[in-house]
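Here the structure is laid out as structure tokens; the discussion comes afterwards.
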There are 2 protein chains.
Amino acid sequence: MYSEEVLALFKKQGIEIGDIVSISSSTGKFEGEIMPKTGSGDDNIIVLKLKSGYNAGILYGKDVKVEKIASGKHSSEIFEKELKRNPLLPDVTILWTGGTIGSKVGYRTGGVEAKLKPGELLYYIPELAEIANITLKHIFNIWSDNMTVKEWQKIAVETANSLKEGANGVVITHGTDTMHYTGAALSFMLQNLNAPVVLTGAQRSSDRGSSDAFMNLICAVHLAAKSDIAEVGICMHAKSSDDKCAFLRGTKARKMHSSRRDAFRSINSSPIATVNMKGDIQYIGNYRKRNGKGKSEPELATKFEPKVALIKAYPNSDPEIIDYYVKNKYKGIIIEGTGLGHFPTSGISWLPGVKKAVDKGVIVGMTTQCINGRVNANVYEPARMISRAGVVYCEDMLPETAYIKLGWLLANKPEQAKELLPKDLAGEITPRIEYEENFD
Amino acid sequence: MYSEEVLALFKKQGIEIGDIVSISSSTGKFEGEIMPKTGSGDDNIIVLKLKSGYNAGILYGKDVKVEKIASGKHSSEIFEKELKRNPLLPDVTILWTGGTIGSKVGYRTGGVEAKLKPGELLYYIPELAEIANITLKHIFNIWSDNMTVKEWQKIAVETANSLKEGANGVVITHGTDTMHYTGAALSFMLQNLNAPVVLTGAQRSSDRGSSDAFMNLICAVHLAAKSDIAEVGICMHAKSSDDKCAFLRGTKARKMHSSRRDAFRSINSSPIATVNMKGDIQYIGNYRKRNGKGKSEPELATKFEPKVALIKAYPNSDPEIIDYYVKNKYKGIIIEGTGLGHFPTSGISWLPGVKKAVDKGVIVGMTTQCINGRVNANVYEPARMISRAGVVYCEDMLPETAYIKLGWLLANKPEQAKELLPKDLAGEITPRIEYEENFD
């Protein structure tokens, strides 16, 4: 981000990112568009996009004069100019849904708002046009915390449409907070997928020196354009450094840090692949492969039962919360239990309420709040009691994924929902033999 | 654990762990008590504790004859025999509360039950008597999932009593599932602590070859006996290997794996120390030091408001859950929000319900379900709105710790509860400067 002195100058002259300015300094006179400060260099260097398309950096100091020529509004013309299709490149559709990746710092509030127009992206990241023919679709622009079933369904439908229209792969820009919930939802909603569907986002907005927006998007487009992975996954920084991104299965990924750029981790399984800015893809884990011959559009199964809850069991917790959901006609409850999958079974016991819920036909699933590891009803007596009460032990499935899966099962396969909950459908359950921690 | 052949032999002859047997083999005739198989050697080696006190291992095979002489019931005499106090050694009190650490495999059910008597431990782990004069107090014997406020209060009182009676440190054996909740509760309930209070447990029962029970307990007693750490913490395996244990601050620890022996991790801060079986203590982080001159008994502040809830916000989640808790006269709610501390603020918004709760005097705190990292109300507009609605952002405090702290504050410092929730009282909040992830 620009230094306080540069920001003060901008403020004084009414200059905003995107405006056309003229800058005179001892090294010459430059005219161009003020770019956001995305590098990690000196924050006093003002970055201009010159008419030639190249960027220039001018160190701000006493001898430097900056003058505003035109407001940035002109940009809409540039952003909307039609791109020529290169028949030698694959086709990738980017579905725009919002989040930090498309936000820029609001100088007035000092915070980050979701308001960058999608078309600006190609202008700021010309590299994308060298990887694939990009089609941009602005679906909506919301913080991912506000996603609901409706938005998941919309994204699934638009993804299927894009593949039907011939895209080799689809990239979905998305707020990071709930990206893994959407990853799980799409993994179930897009059946018989035959192309990569890559969610990506940013932990730092594109105006910040440390932004991961550019690299994440470039890596995501590489994956969508040329990987043979026919799965839904998340492409984000693999480490806090800019070496490479990881591609994590949509049903196995979880945001594990509130601010780090490598916040997303694959839980109880390895990432599917890593990819760098040059497009080198290293395949790591097992994955569903793209079938070159098959049709590329998936079957849509977007129905979803919204009356499913995800709740946490903890010491001294209120068992009546189960009754609350039963009374409110919930059809499924996923419990984040303790350890191998427990809740209080004596004292302030959850057993009577859970038994009643199961008797009324509510499907109750057990996962672990440890996040890592597998639940197991066969080690301790309390878990045996919980299992006998009809609670379904969900193996090594993430609580968030189990919540999504149960909502999907109840709407799409209601008769088999209980039976299928602990069976692997979309990579959400790792077979014990494939990736088991050393238990003994 | 013993091999299937050995177990079959035991079953056939009605032999259980603790029984007195006679074994004849080509190497001689041995008489002694059948010990649980705790080593990692050949599972066909039967371990006997001889009358001399030494253990002998006899490889089971065709030429080996095993005969039962007496049932293990005699043991109660041995277990209850009084130990002589060694004035050169420190005094450590072990408070027994149950959990896997004191369980042995129930051969009938095949599972693990909590039924080992505490006195047996000193008999099975004579090393303890070389570290300290051990006083054993059997408080109760429950699965940690069934812990409630009452049990936390009982443990706090017994810890204070033990220190008053002259113990240099206190060890508390505890089920692992909710050990970190108890660690947080004791951290607030024991004020002005001037001695180490060490929670320990086991991920595998003491009858299993891979049991961590012995090492964890020995390391915990070392810490209680001679460390100068005047804090409540958790002593468990630092790695899956048997190199050393880590001592994690009670307010910063979290069970992060359902089955691994190194399940406990210090979140957003380093462990306080590591310790090995020999008693070598390596101090790592900052900690509150034992004051040699001061009194050693803590002040008790065991009051606790049970009407506090810990809930998770997620896409499509039901905001009416807030109303449910308000109607049920809850005084505090900790939210596990997404990312930097968010919940839905448009669409199916939580804002109206949360505003109403705050207006009615309910204290609502925000933590992150990412587990790692800090919440921050100043980056994104939704968090600003949530913060303006009166939600308290709890820095880098764990959701579980925030739940315990709010229950404690509401009962002990109701007037200052809201103000103190985001302030560090017992190491639960790491100052930004001390342990900040590279945010930029």
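Residue names in the structure tokens use chain letters A, B, ... in the order shown, residue numbers from 1 in each chain, and ligand numbers from 1 in the order shown.
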
Practice item. Could you please tell me, as number ranges by chain, which residues of chain A have an atom within 6 Å of chain B when using only C-alpha atoms? Key: A: 111-112, 145-148, 177, 210, 255-258, 315-316, 338-340, 343-344, 346, 370, 372-373, 379-380, 440

How would the residues just chosen look if you wrote them out with N, CA and C atoms as a CSV table (one decimal), in the first residue's frame?
chain,number,residue,atom,x,y,z
A,111,GLY,N,-11.3,0.9,5.2
A,111,GLY,CA,-11.4,-0.6,5.2
A,111,GLY,C,-11.5,-1.1,3.8
A,112,VAL,N,-11.8,-2.3,3.7
A,112,VAL,CA,-11.9,-3.0,2.3
A,112,VAL,C,-13.3,-3.2,1.9
A,145,ASP,N,-19.7,-14.6,3.5
A,145,ASP,CA,-20.5,-14.9,4.7
A,145,ASP,C,-22.0,-14.8,4.5
A,146,ASN,N,-22.4,-14.1,3.4
A,146,ASN,CA,-23.8,-13.9,3.1
A,146,ASN,C,-24.3,-14.9,2.1
A,147,MET,N,-23.5,-15.9,1.7
A,147,MET,CA,-23.9,-16.9,0.8
A,147,MET,C,-25.0,-17.7,1.4
A,148,THR,N,-26.0,-18.1,0.6
A,148,THR,CA,-27.0,-19.0,1.1
A,148,THR,C,-27.2,-20.1,0.0
A,177,ASP,N,-13.9,-16.6,3.3
A,177,ASP,CA,-14.5,-17.0,4.6
A,177,ASP,C,-15.3,-18.4,4.5
A,210,SER,N,0.9,-7.0,-0.2
A,210,SER,CA,1.1,-8.4,0.0
A,210,SER,C,-0.1,-9.2,-0.6
A,255,LYS,N,-10.7,-23.4,5.9
A,255,LYS,CA,-9.9,-22.2,6.2
A,255,LYS,C,-9.4,-22.3,7.6
A,256,MET,N,-8.1,-22.4,7.8
A,256,MET,CA,-7.5,-22.7,9.1
A,256,MET,C,-6.8,-21.6,9.7
A,257,HIS,N,-6.9,-20.4,9.1
A,257,HIS,CA,-6.2,-19.2,9.7
A,257,HIS,C,-7.0,-18.0,9.2
A,258,SER,N,-7.2,-17.1,10.1
A,258,SER,CA,-8.1,-15.9,9.8
A,258,SER,C,-7.4,-14.9,8.8
A,315,PRO,N,-18.5,-29.1,27.2
A,315,PRO,CA,-18.9,-29.4,28.6
A,315,PRO,C,-19.9,-28.3,29.0
A,316,ASN,N,-20.9,-28.8,29.8
A,316,ASN,CA,-21.9,-27.9,30.3
A,316,ASN,C,-22.8,-27.4,29.2
A,338,THR,N,-16.8,-33.9,20.7
A,338,THR,CA,-15.4,-33.9,21.2
A,338,THR,C,-14.7,-35.2,20.8
A,339,GLY,N,-13.4,-35.1,20.7
A,339,GLY,CA,-12.5,-36.3,20.5
A,339,GLY,C,-13.0,-37.2,19.4
A,340,LEU,N,-13.2,-38.5,19.7
A,340,LEU,CA,-13.6,-39.4,18.7
A,340,LEU,C,-15.0,-39.4,18.3
A,343,PHE,N,-20.5,-36.6,23.0
A,343,PHE,CA,-21.2,-35.4,23.7
A,343,PHE,C,-21.5,-35.9,25.1
A,344,PRO,N,-22.0,-35.0,26.0
A,344,PRO,CA,-22.2,-35.5,27.4
A,344,PRO,C,-23.3,-36.6,27.4
A,346,SER,N,-23.8,-38.3,30.5
A,346,SER,CA,-24.4,-38.4,31.8
A,346,SER,C,-24.3,-37.0,32.4
A,370,CYS,N,-12.2,-31.6,16.9
A,370,CYS,CA,-10.7,-31.7,16.8
A,370,CYS,C,-10.3,-31.2,15.4
A,372,ASN,N,-9.0,-32.4,12.9
A,372,ASN,CA,-8.1,-33.5,12.3
A,372,ASN,C,-8.5,-34.8,12.9
A,373,GLY,N,-8.4,-35.9,12.1
A,373,GLY,CA,-8.7,-37.2,12.6
A,373,GLY,C,-10.1,-37.7,12.3
A,379,VAL,N,-14.5,-47.2,20.3
A,379,VAL,CA,-13.4,-47.2,21.2
A,379,VAL,C,-13.9,-47.0,22.7
A,380,TYR,N,-14.8,-46.0,22.9
A,380,TYR,CA,-15.2,-45.7,24.2
A,380,TYR,C,-16.7,-46.0,24.4
A,440,ASP,N,-1.5,-46.7,16.2
A,440,ASP,CA,-1.0,-47.6,17.3
A,440,ASP,C,0.5,-47.2,17.6

Check your understanding: What's the 10 Å shell around Leu9 in chain B, counting only C-alpha atoms, without same-chain residues fewer than 5 positions away, as a ChimeraX atom specification?
Key -> /B:3-4,14-15,60,66

Review point. Got a sec: who's within 7 Å of range 414-425 of chain A, counting only C-alpha atoms, leaving out chain neighbours fewer than 6 positions off, as a VMD selection string?
Key: chain A and resid 363 393 to 395 406

Point to revise | Backbone DSSP call of helix (DSSP H, G or I) for range 119-349 of chain A, listed as a ChimeraX atom specification | key: /A:119-124,128-131,144-146,149-164,179-189,213-226,320-327

Practice item. Would you list, as a ChimeraX atom specification, the residues of range 78-255 of chain A that end up in strand (DSSP E or B) under DSSP run on this structure's backbone? Key: /A:91-96,104-105,112-113,133-138,169-173,190-191,197-200,229,232-237,245-249,253-255

Keeping N, CA and C atoms, export the residues of the selection given above as a tab-separated table (two decimals), in the first residue's frame.
chain	number	residue	atom	x	y	z
A	91	ASP	N	-10.26	-22.49	-23.41
A	91	ASP	CA	-11.25	-21.49	-22.98
A	91	ASP	C	-11.55	-21.68	-21.50
A	92	VAL	N	-11.47	-20.58	-20.77
A	92	VAL	CA	-11.78	-20.64	-19.33
A	92	VAL	C	-12.80	-19.56	-19.01
A	93	THR	N	-13.84	-19.96	-18.30
A	93	THR	CA	-14.82	-18.98	-17.85
A	93	THR	C	-14.55	-18.64	-16.39
A	94	ILE	N	-14.48	-17.35	-16.10
A	94	ILE	CA	-14.35	-16.91	-14.71
A	94	ILE	C	-15.71	-16.40	-14.24
A	95	LEU	N	-16.24	-17.06	-13.22
A	95	LEU	CA	-17.51	-16.63	-12.64
A	95	LEU	C	-17.21	-15.74	-11.44
A	96	TRP	N	-17.73	-14.56	-11.48
A	96	TRP	CA	-17.41	-13.57	-10.45
A	96	TRP	C	-18.48	-13.57	-9.36
A	104	LYS	N	-11.06	-3.28	-3.39
A	104	LYS	CA	-9.90	-2.41	-3.23
A	104	LYS	C	-10.13	-1.52	-2.01
A	105	VAL	N	-9.06	-1.02	-1.48
A	105	VAL	CA	-9.19	-0.25	-0.27
A	105	VAL	C	-10.06	0.99	-0.51
A	112	VAL	N	-11.85	-2.33	3.65
A	112	VAL	CA	-11.86	-2.96	2.34
A	112	VAL	C	-13.31	-3.23	1.93
A	113	GLU	N	-13.69	-2.77	0.77
A	113	GLU	CA	-15.06	-3.01	0.30
A	113	GLU	C	-15.04	-3.85	-0.97
A	133	ASN	N	-8.37	-18.17	-23.32
A	133	ASN	CA	-9.38	-17.19	-23.72
A	133	ASN	C	-10.34	-17.06	-22.55
A	134	ILE	N	-10.38	-15.87	-21.97
A	134	ILE	CA	-11.15	-15.67	-20.74
A	134	ILE	C	-12.54	-15.13	-21.03
A	135	THR	N	-13.54	-15.80	-20.52
A	135	THR	CA	-14.89	-15.24	-20.53
A	135	THR	C	-15.21	-14.89	-19.08
A	136	LEU	N	-15.62	-13.64	-18.89
A	136	LEU	CA	-15.93	-13.20	-17.52
A	136	LEU	C	-17.44	-13.12	-17.35
A	137	LYS	N	-17.94	-13.74	-16.29
A	137	LYS	CA	-19.38	-13.60	-16.00
A	137	LYS	C	-19.54	-13.07	-14.59
A	138	HIS	N	-20.17	-11.92	-14.48
A	138	HIS	CA	-20.41	-11.33	-13.19
A	138	HIS	C	-21.73	-11.88	-12.65
A	169	GLY	N	-12.54	-25.31	-18.53
A	169	GLY	CA	-12.58	-25.32	-17.08
A	169	GLY	C	-13.19	-24.03	-16.59
A	170	VAL	N	-13.62	-24.03	-15.33
A	170	VAL	CA	-14.29	-22.85	-14.77
A	170	VAL	C	-13.55	-22.40	-13.51
A	171	VAL	N	-13.34	-21.09	-13.43
A	171	VAL	CA	-12.77	-20.50	-12.21
A	171	VAL	C	-13.86	-19.68	-11.54
A	172	ILE	N	-13.98	-19.81	-10.23
A	172	ILE	CA	-14.99	-19.05	-9.49
A	172	ILE	C	-14.29	-18.20	-8.45
A	173	THR	N	-14.38	-16.87	-8.59
A	173	THR	CA	-13.78	-16.01	-7.57
A	173	THR	C	-14.79	-15.88	-6.43
A	190	LEU	N	-22.69	-30.73	-8.57
A	190	LEU	CA	-22.23	-30.99	-9.94
A	190	LEU	C	-21.85	-32.46	-10.07
A	191	GLN	N	-22.79	-33.26	-10.54
A	191	GLN	CA	-22.57	-34.70	-10.68
A	191	GLN	C	-21.91	-35.02	-12.02
A	197	VAL	N	-13.16	-27.43	-11.80
A	197	VAL	CA	-13.92	-26.28	-11.31
A	197	VAL	C	-13.14	-25.73	-10.12
A	198	VAL	N	-12.58	-24.52	-10.31
A	198	VAL	CA	-11.57	-24.02	-9.38
A	198	VAL	C	-12.05	-22.76	-8.66
A	199	LEU	N	-12.28	-22.90	-7.37
A	199	LEU	CA	-12.60	-21.73	-6.55
A	199	LEU	C	-11.31	-21.03	-6.16
A	200	THR	N	-11.33	-19.70	-6.23
A	200	THR	CA	-10.15	-18.98	-5.76
A	200	THR	C	-10.57	-17.64	-5.17
A	229	ILE	N	-7.87	-32.57	-13.95
A	229	ILE	CA	-8.61	-32.88	-12.72
A	229	ILE	C	-10.09	-32.55	-12.91
A	232	VAL	N	-14.13	-30.44	-8.15
A	232	VAL	CA	-14.27	-29.09	-7.61
A	232	VAL	C	-13.20	-28.92	-6.54
A	233	GLY	N	-12.45	-27.83	-6.59
A	233	GLY	CA	-11.44	-27.61	-5.57
A	233	GLY	C	-11.15	-26.15	-5.34
A	234	ILE	N	-10.26	-25.92	-4.38
A	234	ILE	CA	-9.89	-24.57	-3.98
A	234	ILE	C	-8.43	-24.33	-4.30
A	235	CYS	N	-8.14	-23.24	-5.02
A	235	CYS	CA	-6.76	-22.90	-5.37
A	235	CYS	C	-6.36	-21.65	-4.60
A	236	MET	N	-5.48	-21.83	-3.62
A	236	MET	CA	-4.98	-20.70	-2.83
A	236	MET	C	-3.51	-20.95	-2.51
A	237	HIS	N	-2.84	-19.93	-1.97
A	237	HIS	CA	-1.42	-20.07	-1.61
A	237	HIS	C	-1.16	-21.35	-0.81
A	245	CYS	N	0.75	-22.31	-5.49
A	245	CYS	CA	-0.57	-22.50	-4.91
A	245	CYS	C	-0.85	-23.98	-4.77
A	246	ALA	N	-1.77	-24.32	-3.89
A	246	ALA	CA	-2.21	-25.71	-3.76
A	246	ALA	C	-3.63	-25.81	-4.28
A	247	PHE	N	-3.97	-26.98	-4.83
A	247	PHE	CA	-5.35	-27.24	-5.25
A	247	PHE	C	-5.92	-28.28	-4.29
A	248	LEU	N	-6.89	-27.87	-3.50
A	248	LEU	CA	-7.43	-28.71	-2.43
A	248	LEU	C	-8.84	-29.17	-2.79
A	249	ARG	N	-9.11	-30.43	-2.55
A	249	ARG	CA	-10.44	-30.98	-2.84
A	249	ARG	C	-11.52	-30.17	-2.11
A	253	ALA	N	-11.24	-29.29	2.10
A	253	ALA	CA	-10.52	-28.05	2.42
A	253	ALA	C	-11.19	-27.33	3.59
A	254	ARG	N	-10.37	-26.59	4.32
A	254	ARG	CA	-10.92	-25.80	5.43
A	254	ARG	C	-10.05	-24.56	5.62
A	255	LYS	N	-10.68	-23.43	5.87
A	255	LYS	CA	-9.94	-22.22	6.17
A	255	LYS	C	-9.43	-22.34	7.61

Exercise for review: Please measure the separation of CA of Gly201 in chain A and CA of Ala213 in chain A, giving the value in Å to one decimal.
Suggested key: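 A separation of 6.4 Å between them.
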
Review point. If you count only C-alpha atoms, which residues fall within 10 Å of Ile34 in chain A, apart from same-chain ones fewer than 4 positions away, as a PyMOL selection string?
Key: chain A and resi 15-22+46-50+55-56+68+72

Review point. Quick one: distance from CA of Ala195 in chain B to CA of Leu410 in chain B in Å, one decimal?
Key: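 Separation between CA of Ala195 in chain B and CA of Leu410 in chain B: 26.3 Å.
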
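For the pair CA of Phe304 in chain A and CA of Ser187 in chain A, the separation is 12.9 Å.
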